[in-house]
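Asker: Dropping in data.cif, with mmCIF, C-alpha atoms.
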data_start
#
loop_
_atom_site.label_atom_id
_atom_site.label_comp_id
_atom_site.auth_asym_id
_atom_site.auth_seq_id
_atom_site.Cartn_x
_atom_site.Cartn_y
_atom_site.Cartn_z
CA MET A 1 -21.87 -37.05 -14.71
CA SER A 2 -18.11 -37.60 -14.65
CA SER A 3 -16.66 -38.56 -11.32
CA GLU A 4 -14.22 -35.71 -10.89
CA PHE A 5 -14.18 -32.30 -9.37
CA ARG A 6 -13.30 -30.43 -12.57
CA LEU A 7 -13.80 -26.72 -12.19
CA VAL A 8 -13.55 -25.97 -15.89
CA PRO A 9 -13.69 -28.26 -18.96
CA ALA A 10 -10.41 -30.03 -19.65
CA PRO A 11 -8.42 -28.21 -22.31
CA ASN A 12 -8.59 -31.05 -24.82
CA ASP A 13 -12.17 -32.04 -24.16
CA GLY A 14 -13.31 -32.02 -27.77
CA ALA A 15 -10.13 -31.89 -29.75
CA SER A 16 -8.91 -35.43 -29.28
CA LYS A 17 -12.03 -37.20 -30.38
CA ALA A 18 -13.91 -37.20 -33.67
CA THR A 19 -17.54 -37.72 -32.75
CA MET A 20 -20.70 -37.99 -34.75
CA LYS A 21 -22.98 -36.28 -32.26
CA ASP A 22 -24.26 -33.65 -34.64
CA THR A 23 -24.41 -35.62 -37.87
CA VAL A 24 -25.83 -38.94 -36.76
CA GLY A 25 -28.86 -40.13 -38.68
CA ALA A 26 -31.54 -42.68 -37.94
CA THR A 27 -29.21 -45.62 -38.45
CA GLY A 28 -26.81 -44.33 -35.83
CA LEU A 29 -24.14 -43.61 -38.42
CA HIS A 30 -23.01 -40.43 -40.07
CA ASP A 31 -25.83 -39.26 -42.34
CA THR A 32 -24.07 -38.58 -45.62
CA MET A 33 -27.29 -37.63 -47.35
CA ARG A 34 -27.92 -34.70 -45.10
CA PHE A 35 -24.45 -33.63 -44.02
CA GLY A 36 -22.07 -34.62 -46.79
CA LEU A 37 -19.07 -36.87 -46.81
CA ARG A 38 -17.37 -37.33 -43.50
CA SER A 39 -13.88 -35.95 -42.94
CA LEU A 40 -12.16 -37.20 -39.81
CA ALA A 41 -9.32 -34.74 -40.30
CA ALA A 42 -11.72 -31.81 -40.36
CA GLU A 43 -13.49 -33.04 -37.24
CA ALA A 44 -10.28 -33.53 -35.28
CA ASN A 45 -8.32 -30.50 -36.39
CA GLY A 46 -10.80 -27.84 -37.24
CA ARG A 47 -11.63 -26.85 -33.70
CA ASN A 48 -10.70 -23.77 -31.75
CA PRO A 49 -9.47 -24.61 -28.24
CA LEU A 50 -12.07 -22.23 -26.84
CA GLN A 51 -14.84 -24.12 -28.61
CA SER A 52 -14.74 -27.21 -26.44
CA ARG A 53 -14.45 -25.07 -23.30
CA LEU A 54 -17.62 -23.16 -24.15
CA GLU A 55 -19.55 -26.19 -25.35
CA ASN A 56 -18.80 -28.18 -22.22
CA TRP A 57 -19.03 -25.32 -19.74
CA GLU A 58 -22.53 -25.83 -18.36
CA GLU A 59 -22.16 -29.58 -18.23
CA THR A 60 -18.91 -29.29 -16.29
CA GLN A 61 -20.39 -26.91 -13.72
CA ASP A 62 -23.41 -29.17 -13.34
CA SER A 63 -21.18 -32.21 -12.96
CA LEU A 64 -19.19 -30.46 -10.25
CA LYS A 65 -22.34 -29.67 -8.27
CA LEU A 66 -23.62 -33.24 -8.63
CA ASN A 67 -20.29 -34.61 -7.44
CA LEU A 68 -20.31 -32.34 -4.41
CA GLN A 69 -23.80 -33.59 -3.62
CA ARG A 70 -22.67 -37.17 -3.99
CA ASN A 71 -19.81 -36.49 -1.63
CA ILE A 72 -22.05 -35.07 1.08
CA TYR A 73 -25.35 -36.95 0.79
CA GLY A 74 -24.44 -40.15 -0.99
CA LEU A 75 -24.96 -41.50 -4.46
CA HIS A 76 -28.73 -41.34 -4.21
CA ALA A 77 -28.79 -37.55 -4.32
CA PRO A 78 -27.43 -37.00 -7.83
CA VAL A 79 -29.19 -40.14 -9.04
CA ARG A 80 -32.54 -38.71 -7.97
CA GLN A 81 -31.73 -35.38 -9.60
CA LEU A 82 -30.84 -37.01 -12.90
CA MET A 83 -33.87 -39.25 -12.70
CA GLU A 84 -36.18 -36.30 -12.20
CA ARG A 85 -34.64 -34.49 -15.12
CA ARG A 86 -35.15 -37.47 -17.35
CA LEU A 87 -38.74 -37.89 -16.28
CA VAL A 88 -39.50 -34.30 -17.00
CA SER A 89 -37.78 -34.33 -20.40
CA GLU A 90 -39.94 -37.10 -21.79
CA ASN A 91 -42.15 -35.45 -24.32
CA PRO A 92 -44.60 -37.74 -26.11
CA HIS A 93 -45.75 -34.99 -28.41
CA MET A 94 -44.54 -34.07 -31.86
CA PRO A 95 -41.00 -32.85 -31.90
CA GLY A 96 -40.92 -29.46 -33.50
CA LEU A 97 -40.75 -25.79 -32.91
CA GLY A 98 -40.06 -24.24 -29.56
CA ASN A 99 -38.50 -26.85 -27.33
CA VAL A 100 -39.76 -25.18 -24.20
CA ASN A 101 -39.62 -27.24 -21.06
CA ILE A 102 -40.33 -25.18 -17.99
CA HIS A 103 -40.17 -28.17 -15.68
CA LEU A 104 -36.66 -28.88 -16.84
CA ASP A 105 -35.73 -25.22 -16.47
CA ILE A 106 -36.89 -25.27 -12.87
CA LEU A 107 -34.95 -28.43 -12.09
CA MET A 108 -31.84 -27.04 -13.72
CA GLY A 109 -32.17 -23.82 -11.76
CA ARG A 110 -32.53 -21.57 -14.78
CA ASP A 111 -36.20 -20.70 -14.51
CA GLU A 112 -35.37 -17.16 -13.43
CA THR A 113 -32.62 -16.44 -15.93
CA LEU A 114 -32.84 -15.13 -19.44
CA ASP A 115 -30.55 -16.28 -22.17
CA VAL A 116 -30.10 -15.23 -25.80
CA ALA A 117 -32.50 -17.90 -27.00
CA ASP A 118 -35.26 -16.58 -24.76
CA PHE A 119 -35.62 -13.26 -26.50
CA PHE A 120 -34.31 -14.01 -29.94
CA GLY A 121 -37.08 -16.53 -30.48
CA GLY A 122 -34.94 -19.25 -31.95
CA ALA A 123 -32.61 -22.06 -31.13
CA LEU A 124 -29.34 -21.09 -29.44
CA ASP A 125 -27.34 -23.17 -31.88
CA VAL A 126 -27.14 -22.50 -35.58
CA GLU A 127 -30.41 -23.23 -37.32
CA SER A 128 -30.10 -26.76 -38.55
CA GLY A 129 -31.95 -26.33 -41.80
CA PRO A 130 -35.70 -26.10 -42.29
CA LEU A 131 -37.99 -27.75 -39.79
CA ASP A 132 -37.48 -31.47 -40.23
CA VAL A 133 -40.35 -33.20 -38.49
CA ARG A 134 -39.82 -36.50 -40.24
CA GLY A 135 -36.16 -36.56 -39.41
CA GLU A 136 -36.87 -35.82 -35.76
CA MET A 137 -39.49 -38.57 -35.61
CA GLU A 138 -37.03 -40.97 -37.20
CA ARG A 139 -34.46 -40.24 -34.59
CA ARG A 140 -36.88 -40.35 -31.67
CA ARG A 141 -38.74 -43.50 -32.58
CA ARG A 142 -35.85 -45.05 -34.41
CA ILE A 143 -37.82 -45.74 -37.53
CA LEU A 144 -36.26 -45.47 -40.90
CA GLN A 145 -38.34 -43.40 -43.24
CA HIS A 146 -37.77 -43.57 -46.93
CA MET C 1 -3.33 -27.00 -34.24
CA ASP C 2 -2.37 -23.49 -35.27
CA GLY C 3 -2.05 -20.88 -32.60
CA HIS C 4 -1.89 -23.01 -29.50
CA SER C 5 1.28 -24.40 -28.00
CA ILE C 6 1.50 -27.47 -25.84
CA SER C 7 2.79 -26.72 -22.37
CA ILE C 8 3.72 -29.67 -20.22
CA ASP C 9 5.17 -27.72 -17.32
CA MET C 10 3.11 -26.23 -14.56
CA PRO C 11 0.77 -23.56 -15.84
CA GLN C 12 2.14 -20.06 -15.81
CA LEU C 13 -0.02 -17.04 -15.33
CA LYS C 14 -1.78 -16.29 -18.57
CA LYS C 15 -1.19 -12.95 -20.25
CA GLY C 16 -3.07 -10.23 -18.39
CA GLU C 17 -4.01 -12.47 -15.53
CA VAL C 18 -3.97 -10.96 -12.07
CA ASN C 19 -1.31 -12.33 -9.77
CA LEU C 20 -1.40 -12.79 -6.04
CA GLY C 21 2.39 -12.75 -5.78
CA THR C 22 2.31 -12.85 -2.11
CA SER C 23 3.48 -13.56 1.36
CA ILE C 24 1.07 -15.67 3.36
CA MET C 25 1.51 -17.43 6.64
CA ALA C 26 -0.30 -19.39 9.29
CA VAL C 27 0.92 -20.46 12.73
CA GLN C 28 -0.90 -22.51 15.33
CA PHE C 29 -0.70 -21.89 19.03
CA ASP C 30 -2.43 -23.50 21.96
CA GLY C 31 -6.09 -22.65 21.50
CA GLY C 32 -6.04 -21.17 18.01
CA VAL C 33 -4.22 -20.09 14.89
CA VAL C 34 -2.89 -16.81 13.63
CA ILE C 35 -3.05 -16.34 9.89
CA GLY C 36 -1.60 -13.42 8.02
CA ALA C 37 -0.99 -12.06 4.56
CA ASP C 38 0.28 -9.00 2.76
CA SER C 39 -2.13 -6.97 0.63
CA ARG C 40 -0.66 -6.63 -2.84
CA THR C 41 -2.26 -7.89 -6.06
CA THR C 42 -0.32 -7.28 -9.26
CA THR C 43 -0.95 -7.44 -12.99
CA GLY C 44 2.60 -7.53 -14.28
CA SER C 45 4.27 -4.61 -12.57
CA TYR C 46 1.07 -2.66 -11.94
CA ILE C 47 -0.36 -3.07 -8.46
CA ALA C 48 -3.99 -3.72 -9.20
CA ASN C 49 -5.01 -3.69 -5.55
CA ARG C 50 -2.78 -2.52 -2.72
CA VAL C 51 -5.20 -3.32 0.08
CA THR C 52 -6.30 -6.83 -0.91
CA ASP C 53 -7.79 -9.16 1.63
CA LYS C 54 -6.19 -12.53 0.99
CA LEU C 55 -7.63 -14.12 4.11
CA THR C 56 -10.80 -15.75 2.92
CA HIS C 57 -13.59 -17.04 5.09
CA VAL C 58 -14.70 -20.55 4.12
CA HIS C 59 -16.44 -21.30 7.37
CA ASP C 60 -16.94 -19.71 10.77
CA ARG C 61 -13.68 -21.00 12.22
CA ILE C 62 -11.89 -21.96 9.01
CA TYR C 63 -10.01 -19.47 6.86
CA CYS C 64 -7.70 -19.87 3.92
CA CYS C 65 -4.77 -17.76 2.72
CA ARG C 66 -4.59 -17.48 -1.05
CA SER C 67 -1.53 -17.17 -3.28
CA GLY C 68 -1.05 -17.60 -7.02
CA SER C 69 -3.61 -16.52 -9.55
CA ALA C 70 -6.30 -14.35 -7.97
CA ALA C 71 -9.03 -15.74 -10.21
CA ASP C 72 -8.11 -19.37 -9.62
CA THR C 73 -7.92 -19.06 -5.85
CA GLN C 74 -11.19 -17.16 -5.65
CA ALA C 75 -12.94 -19.81 -7.76
CA VAL C 76 -11.63 -22.63 -5.60
CA ALA C 77 -12.41 -20.86 -2.33
CA ASP C 78 -15.97 -20.14 -3.51
CA ILE C 79 -16.62 -23.82 -4.15
CA VAL C 80 -15.18 -24.86 -0.80
CA HIS C 81 -17.29 -22.23 0.95
CA TYR C 82 -20.40 -23.53 -0.85
CA TYR C 83 -19.56 -27.12 0.00
CA LEU C 84 -18.86 -26.45 3.67
CA GLN C 85 -22.22 -24.76 4.09
CA MET C 86 -24.01 -27.85 2.76
CA PHE C 87 -21.75 -30.12 4.77
CA ALA C 88 -22.40 -28.28 8.02
CA GLN C 89 -26.11 -28.37 7.35
CA GLN C 90 -26.00 -32.14 6.86
CA ALA C 91 -23.65 -32.89 9.74
CA GLY C 92 -25.41 -30.56 12.16
CA GLU C 93 -22.13 -29.17 13.43
CA PRO C 94 -19.24 -27.11 12.09
CA PRO C 95 -16.89 -28.97 9.73
CA SER C 96 -13.37 -29.80 10.78
CA VAL C 97 -10.39 -28.03 9.25
CA HIS C 98 -9.32 -31.38 7.85
CA VAL C 99 -12.50 -31.61 5.77
CA ALA C 100 -11.93 -28.16 4.31
CA ALA C 101 -8.27 -28.85 3.61
CA THR C 102 -9.01 -32.20 1.97
CA LEU C 103 -11.51 -30.60 -0.35
CA PHE C 104 -9.10 -27.82 -1.27
CA ASN C 105 -6.51 -30.47 -2.01
CA LYS C 106 -8.90 -32.51 -4.15
CA LEU C 107 -9.80 -29.48 -6.23
CA CYS C 108 -6.21 -28.29 -6.61
CA TYR C 109 -4.92 -31.74 -7.54
CA GLU C 110 -7.63 -32.72 -10.01
CA ASN C 111 -7.45 -29.37 -11.77
CA LYS C 112 -3.70 -29.01 -11.64
CA ASP C 113 -3.47 -28.51 -15.39
CA ALA C 114 -5.68 -25.44 -15.19
CA LEU C 115 -4.89 -23.87 -11.82
CA LEU C 116 -2.08 -21.89 -10.28
CA ALA C 117 -3.07 -21.83 -6.65
CA GLY C 118 -1.06 -22.19 -3.45
CA ILE C 119 -3.33 -22.22 -0.43
CA ILE C 120 -2.87 -22.40 3.32
CA VAL C 121 -5.93 -23.58 5.25
CA ALA C 122 -6.07 -22.91 8.97
CA GLY C 123 -8.65 -22.85 11.69
CA TRP C 124 -10.05 -24.27 14.85
CA ASP C 125 -12.33 -27.26 15.31
CA LYS C 126 -13.40 -29.20 18.35
CA GLU C 127 -11.81 -32.50 17.28
CA VAL C 128 -8.17 -31.43 17.24
CA GLY C 129 -8.23 -27.75 18.18
CA ALA C 130 -5.98 -25.58 16.09
CA SER C 131 -4.48 -26.83 12.83
CA VAL C 132 -2.67 -25.52 9.76
CA TYR C 133 -2.59 -27.25 6.39
CA ASN C 134 -0.40 -26.26 3.46
CA ILE C 135 -1.53 -27.03 -0.10
CA PRO C 136 1.18 -26.07 -2.57
CA VAL C 137 0.73 -25.56 -6.32
CA GLY C 138 -0.25 -28.83 -7.96
CA GLY C 139 -1.91 -30.27 -4.89
CA GLY C 140 -0.63 -32.21 -1.91
CA LEU C 141 -1.77 -31.87 1.67
CA PHE C 142 0.70 -31.17 4.45
CA ARG C 143 -0.23 -30.48 8.03
CA GLN C 144 2.35 -28.48 9.94
CA PRO C 145 2.44 -26.34 13.09
CA TRP C 146 3.30 -23.34 10.93
CA SER C 147 3.42 -22.72 7.24
CA ILE C 148 4.47 -19.95 4.88
CA GLY C 149 3.61 -19.54 1.23
CA GLY C 150 3.67 -17.27 -1.77
CA SER C 151 6.56 -15.68 -3.61
CA GLY C 152 7.69 -13.74 -0.54
CA SER C 153 7.99 -16.81 1.60
CA THR C 154 11.26 -17.87 0.01
CA TYR C 155 13.01 -14.95 1.68
CA VAL C 156 11.92 -15.78 5.19
CA TYR C 157 12.35 -19.54 5.54
CA GLY C 158 15.56 -18.96 7.45
CA TYR C 159 14.02 -16.41 9.79
CA CYS C 160 11.07 -18.70 10.50
CA ASP C 161 13.19 -21.78 11.11
CA ALA C 162 15.35 -19.81 13.52
CA THR C 163 12.54 -18.06 15.36
CA TYR C 164 9.67 -20.53 15.67
CA ARG C 165 9.30 -22.16 19.06
CA GLU C 166 6.57 -24.46 20.27
CA ASN C 167 4.16 -23.30 22.96
CA MET C 168 4.22 -19.64 22.08
CA THR C 169 1.45 -17.51 23.49
CA LYS C 170 -1.11 -15.81 21.29
CA ASP C 171 0.68 -12.48 21.43
CA GLU C 172 4.06 -14.02 20.69
CA THR C 173 2.55 -15.79 17.71
CA VAL C 174 1.00 -12.58 16.40
CA GLN C 175 4.37 -10.87 16.71
CA PHE C 176 6.10 -13.75 14.93
CA VAL C 177 3.66 -13.54 12.02
CA LYS C 178 3.94 -9.76 11.87
CA ASN C 179 7.73 -9.80 11.80
CA THR C 180 7.93 -12.55 9.22
CA LEU C 181 5.52 -10.87 6.86
CA ALA C 182 7.24 -7.51 7.26
CA LEU C 183 10.56 -9.07 6.32
CA ALA C 184 9.06 -10.85 3.34
CA MET C 185 7.30 -7.71 2.17
CA SER C 186 10.46 -5.67 2.35
CA ARG C 187 12.40 -8.07 0.12
CA ASP C 188 9.78 -9.37 -2.30
CA GLY C 189 8.62 -7.03 -5.03
CA SER C 190 5.30 -8.82 -5.39
CA SER C 191 4.45 -8.41 -1.71
CA GLY C 192 3.69 -5.22 0.12
CA GLY C 193 1.03 -2.85 1.33
CA VAL C 194 -0.44 -3.62 4.73
CA ILE C 195 -0.47 -6.70 6.91
CA ARG C 196 -3.81 -8.34 7.53
CA MET C 197 -4.07 -10.98 10.23
CA CYS C 198 -6.81 -13.10 11.76
CA VAL C 199 -6.68 -14.81 15.11
CA ILE C 200 -9.05 -17.79 15.06
CA THR C 201 -10.02 -19.40 18.35
CA GLU C 202 -12.95 -21.34 19.69
CA ASP C 203 -14.60 -18.09 20.72
CA GLY C 204 -14.36 -16.29 17.42
CA VAL C 205 -12.26 -14.57 14.81
CA GLU C 206 -10.38 -11.38 15.57
CA ARG C 207 -9.16 -9.33 12.64
CA LEU C 208 -5.95 -7.36 13.02
CA PHE C 209 -4.63 -4.69 10.71
CA VAL C 210 -1.14 -3.23 10.50
CA PRO C 211 -0.96 -0.22 8.19
CA GLY C 212 2.01 0.29 5.93
CA ASP C 213 3.62 2.97 8.07
CA GLU C 214 3.50 0.84 11.21
CA LEU C 215 5.20 -2.24 9.82
CA PRO C 216 8.06 -3.61 11.93
CA ARG C 217 11.28 -2.31 10.49
CA PHE C 218 14.56 -4.15 10.36
CA TRP C 219 17.89 -3.40 8.81
CA GLU C 220 17.16 -1.13 5.89
CA GLY C 221 20.59 -0.58 4.50
CA LYS C 222 23.35 1.80 5.35
CA GLU C 223 25.15 4.24 3.16
CA VAL C 224 28.81 3.15 3.17
CA LEU C 225 30.28 5.55 0.64
CA PRO C 226 31.79 8.66 2.35
CA THR C 227 29.53 11.70 2.20
CA VAL C 228 31.04 14.45 0.10
CA THR C 229 32.01 17.62 2.05
CA SER C 230 33.50 19.79 -0.71
CA LYS C 231 31.57 22.81 -1.82
CA LYS C 232 31.51 21.95 -5.53
CA ALA C 233 28.27 21.16 -7.33
CA LEU C 234 27.87 17.44 -7.45
CA VAL C 235 25.05 16.73 -9.82
CA SER C 236 27.16 14.34 -11.83
CA SER C 237 28.23 12.27 -8.82
CA PHE C 238 25.01 12.17 -6.87
CA THR C 239 25.22 9.26 -4.46
CA GLY C 240 21.86 9.44 -2.83
CA VAL C 241 22.88 11.34 0.28
CA GLU C 242 20.25 13.46 1.89
CA SER C 243 21.61 16.88 1.02
CA VAL C 244 23.50 17.73 -2.12
CA PRO C 245 26.14 20.40 -1.49
CA ILE C 246 25.92 23.21 -4.00
CA ASP C 247 28.48 25.67 -5.04
CA VAL C 248 28.48 28.64 -2.67
CA GLU C 249 30.33 31.70 -3.71
CA THR C 250 31.60 33.65 -0.75
#
Re-express the file's structure as structure tokens.

Answerer:
Amino acid sequence: MSSEFRLVPAPNDGASKATMKDTVGATGLHDTMRFGLRSLAAEANGRNPLQSRLENWEETQDSLKLNLQRNIYGLHAPVRQLMERRLVSENPHMPGLGNVNIHLDILMGRDETLDVADFFGGALDVESGPLDVRGEMERRRRILQH
Amino acid sequence: MDGHSISIDMPQLKKGEVNLGTSIMAVQFDGGVVIGADSRTTTGSYIANRVTDKLTHVHDRIYCCRSGSAADTQAVADIVHYYLQMFAQQAGEPPSVHVAATLFNKLCYENKDALLAGIIVAGWDKEVGASVYNIPVGGGLFRQPWSIGGSGSTYVYGYCDATYRENMTKDETVQFVKNTLALAMSRDGSSGGVIRMCVITEDGVERLFVPGDELPRFWEGKEVLPTVTSKKALVSSFTGVESVPIDVET
């Protein structure tokens, strides 16, 4: 939750930083084995300006609402919201197909909306290869599997 | 970096964006405020809406006048409306105009790279009575007894400075707003249509409407070239006089 009243994502939200969000492996570094050599130039320059706007849209709107709540009710209000979301997201079971979390949907206010993912039966993002249970477990439990 | 230019000046309207090139105004009097606006919304030179309502309710006794990009001002006003409902619920009483204006300012300032919005907030609250706040493009909060805004306002600063007096009655204030907006609308191409006004007092909000054919009229020009009296056909030297003499063979 950023402490501003941004209505829309800042225009350079993704373009100025080269992050490893998508390609990080179990060690916390770029996973060359799975994703190939890292190119900082490609990460920084190969982005459409609309891309960061769309990627950060929901988070920005959510952040705005949380900041309005903080302004009216005090810091405890957004803190409780975020705490509840975290509690509800903890899933001790096997990571795998169908990341359905109805509790989280209710808390986020999207339990009565349908999105593309809901009727296309797959992840909203591009399929990240075949189902990688071991990789997911590695990341979750921070164990290195060889 | 192909295909996008870096603009460091204030944001211009994006291509195809709808413009509230406008004349807006708010004046306080003892016991309330009168706010007014024209009714024209343009996309380039096309008038997308000629009966727009630019006076937006954000709370029961707090209204805002919107100028700049229609989309931007609607988005900002929606958030303020949402916020004030929650705020009133928590406080147990209506919010003050200052609260609304401060929030408008915060949104306009922190998003100045993305917004083109000039807003006048006006209303009545029980702490100070009537008040008018001007929030120009880029942010900034200025409380004044009267305020004008929008593209048409530039033409009427002189008239307003010369005409405004303190302690006007409600009717005098309404007439002042009506005259000012009519003058602005007659000179500014992006303003026109009808005049919409609201009178906000402790007791309520009264909406006033002045249709386009009942606008106050001022000096509208005078034909100074001599009218032609000869009987020759004058198609080639048509000067805009009401009747064109045609050749009459007797």

Asker: With a distance cut-off of 12 Å and all atoms listed in the file, select the neighbouring residues of Asn71 (chain A), excluding the residue or stretch itself and same-chain residues fewer than 4 positions from it, and output the selection as a PDB file with C-alpha atoms, in the coordinates of the input.

Answerer:
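Saved the output as selection35.pdb:
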ATOM      1  CA  SER A   3     -16.660 -38.560 -11.320  1.00  0.00           C
ATOM      2  CA  GLU A   4     -14.220 -35.710 -10.890  1.00  0.00           C
ATOM      3  CA  PHE A   5     -14.180 -32.300  -9.370  1.00  0.00           C
ATOM      4  CA  LEU A  64     -19.190 -30.460 -10.250  1.00  0.00           C
ATOM      5  CA  LYS A  65     -22.340 -29.670  -8.270  1.00  0.00           C
ATOM      6  CA  LEU A  66     -23.620 -33.240  -8.630  1.00  0.00           C
ATOM      7  CA  ASN A  67     -20.290 -34.610  -7.440  1.00  0.00           C
ATOM      8  CA  LEU A  75     -24.960 -41.500  -4.460  1.00  0.00           C
ATOM      9  CA  HIS A  76     -28.730 -41.340  -4.210  1.00  0.00           C
ATOM     10  CA  ALA A  77     -28.790 -37.550  -4.320  1.00  0.00           C
ATOM     11  CA  PRO A  78     -27.430 -37.000  -7.830  1.00  0.00           C
TER      12      PRO A  78
ATOM     13  CA  TYR C  83     -19.560 -27.120   0.000  1.00  0.00           C
ATOM     14  CA  LEU C  84     -18.860 -26.450   3.670  1.00  0.00           C
ATOM     15  CA  MET C  86     -24.010 -27.850   2.760  1.00  0.00           C
ATOM     16  CA  PHE C  87     -21.750 -30.120   4.770  1.00  0.00           C
ATOM     17  CA  GLN C  90     -26.000 -32.140   6.860  1.00  0.00           C
ATOM     18  CA  VAL C  99     -12.500 -31.610   5.770  1.00  0.00           C
ATOM     19  CA  LEU C 103     -11.510 -30.600  -0.350  1.00  0.00           C
ATOM     20  CA  LYS C 106      -8.900 -32.510  -4.150  1.00  0.00           C
TER      21      LYS C 106
END

Asker: Quick one: everything within 10 Å of Thr163 (chain C), counting all atoms listed in the file, minus sequence neighbours fewer than 6 positions away in the same chain. Send it as a VMD selection string.

Answerer: chain C and resid 157 176 180

Asker: Would you export the selected residues with C-alpha atoms as a PDB file, in the frame of the given file, please?

Answerer:
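After the write, result-v9.pdb holds the following:
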ATOM      1  CA  TYR C 157      12.350 -19.540   5.540  1.00  0.00           C
ATOM      2  CA  PHE C 176       6.100 -13.750  14.930  1.00  0.00           C
ATOM      3  CA  THR C 180       7.930 -12.550   9.220  1.00  0.00           C
TER       4      THR C 180
END

Asker: Could you please select, counting all atoms listed in the file, the residues of chain A within 8 Å of chain C and state them as a PyMOL selection string?

Answerer: chain A and resi 4-8+10+45+49+68+72-73

Asker: Work out how far apart CA of Arg53 (chain A) and CA of Asn12 (chain A) are and give it in Å to one decimal.

Answerer: 8.5 Å

Asker: Given the file above and the PyMOL selection byres ((chain C and resi 171-174) around 9), which residues are selected, and can you give them as a short mmCIF file (atom, residue, chain, number, x, y, z; two decimals) with C-alpha atoms, in the coordinates of the input?

Answerer:
data_model
loop_
_atom_site.label_atom_id
_atom_site.label_comp_id
_atom_site.auth_asym_id
_atom_site.auth_seq_id
_atom_site.Cartn_x
_atom_site.Cartn_y
_atom_site.Cartn_z
CA VAL C 27 0.92 -20.46 12.73
CA GLN C 28 -0.90 -22.51 15.33
CA PHE C 29 -0.70 -21.89 19.03
CA VAL C 33 -4.22 -20.09 14.89
CA VAL C 34 -2.89 -16.81 13.63
CA ILE C 35 -3.05 -16.34 9.89
CA GLY C 36 -1.60 -13.42 8.02
CA TYR C 164 9.67 -20.53 15.67
CA MET C 168 4.22 -19.64 22.08
CA THR C 169 1.45 -17.51 23.49
CA LYS C 170 -1.11 -15.81 21.29
CA GLN C 175 4.37 -10.87 16.71
CA PHE C 176 6.10 -13.75 14.93
CA VAL C 177 3.66 -13.54 12.02
CA LYS C 178 3.94 -9.76 11.87
CA ASN C 179 7.73 -9.80 11.80
CA MET C 197 -4.07 -10.98 10.23
CA VAL C 199 -6.68 -14.81 15.11
#

Asker: Which is closer to Ser191 (chain C) than all the others in C:Lys222, C:Lys54, C:Lys15, C:Lys126, using all atoms listed in the file?

Answerer: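 Between C:Lys222, C:Lys54, C:Lys15, C:Lys126, the residue approaching Ser191 (chain C) most closely is C:Lys54.
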
Asker: Given the file shown, determine the residues that the PyMOL selection byres ((chain C and resi 38-52) around 10) selects; report them as a PyMOL selection string.

Answerer: chain C and resi 13+15-25+36-37+53-55+67-70+152+178+181-182+184-185+189-197+210-212

Asker: Using the chain letters and residue numbers of this document, give as number ranges by chain the residues selected by the PyMOL selection byres ((chain A and resi 108) around 12).

Answerer: A: 58-59, 61-63, 65-66, 81-82, 84-86, 88-89, 101-107, 109-113

Asker: Using C-alpha atoms, can you write the selected residues to a file as a CSV table (one decimal), in the coordinates of the input?

Answerer:
chain,number,residue,atom,x,y,z
A,58,GLU,CA,-22.5,-25.8,-18.4
A,59,GLU,CA,-22.2,-29.6,-18.2
A,61,GLN,CA,-20.4,-26.9,-13.7
A,62,ASP,CA,-23.4,-29.2,-13.3
A,63,SER,CA,-21.2,-32.2,-13.0
A,65,LYS,CA,-22.3,-29.7,-8.3
A,66,LEU,CA,-23.6,-33.2,-8.6
A,81,GLN,CA,-31.7,-35.4,-9.6
A,82,LEU,CA,-30.8,-37.0,-12.9
A,84,GLU,CA,-36.2,-36.3,-12.2
A,85,ARG,CA,-34.6,-34.5,-15.1
A,86,ARG,CA,-35.2,-37.5,-17.4
A,88,VAL,CA,-39.5,-34.3,-17.0
A,89,SER,CA,-37.8,-34.3,-20.4
A,101,ASN,CA,-39.6,-27.2,-21.1
A,102,ILE,CA,-40.3,-25.2,-18.0
A,103,HIS,CA,-40.2,-28.2,-15.7
A,104,LEU,CA,-36.7,-28.9,-16.8
A,105,ASP,CA,-35.7,-25.2,-16.5
A,106,ILE,CA,-36.9,-25.3,-12.9
A,107,LEU,CA,-35.0,-28.4,-12.1
A,109,GLY,CA,-32.2,-23.8,-11.8
A,110,ARG,CA,-32.5,-21.6,-14.8
A,111,ASP,CA,-36.2,-20.7,-14.5
A,112,GLU,CA,-35.4,-17.2,-13.4
A,113,THR,CA,-32.6,-16.4,-15.9

Asker: At what distance in Å, to one decimal, does CA of Thr19 (chain A) lie from CA of Arg142 (chain A)?

Answerer: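 Separation between CA of Arg142 (chain A) and CA of Thr19 (chain A): 19.8 Å.
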
Asker: Figure out the distance between CA of Arg207 (chain C) and CA of Val121 (chain C), please, to one decimal in Å.

Answerer: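 If I compute the distance from CA of Val121 (chain C) to CA of Arg207 (chain C), I get 16.4 Å.
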
Asker: Might I get the box with edges along x, y and z of the file that holds all atoms of region 69-84 of chain C listed there, padded by 6 Å on every side, given as centre and edge lengths in Å to one decimal, as JSON?

Answerer:
{"center_x": -12.0, "center_y": -20.7, "center_z": -3.3, "size_x": 28.8, "size_y": 24.8, "size_z": 25.9}
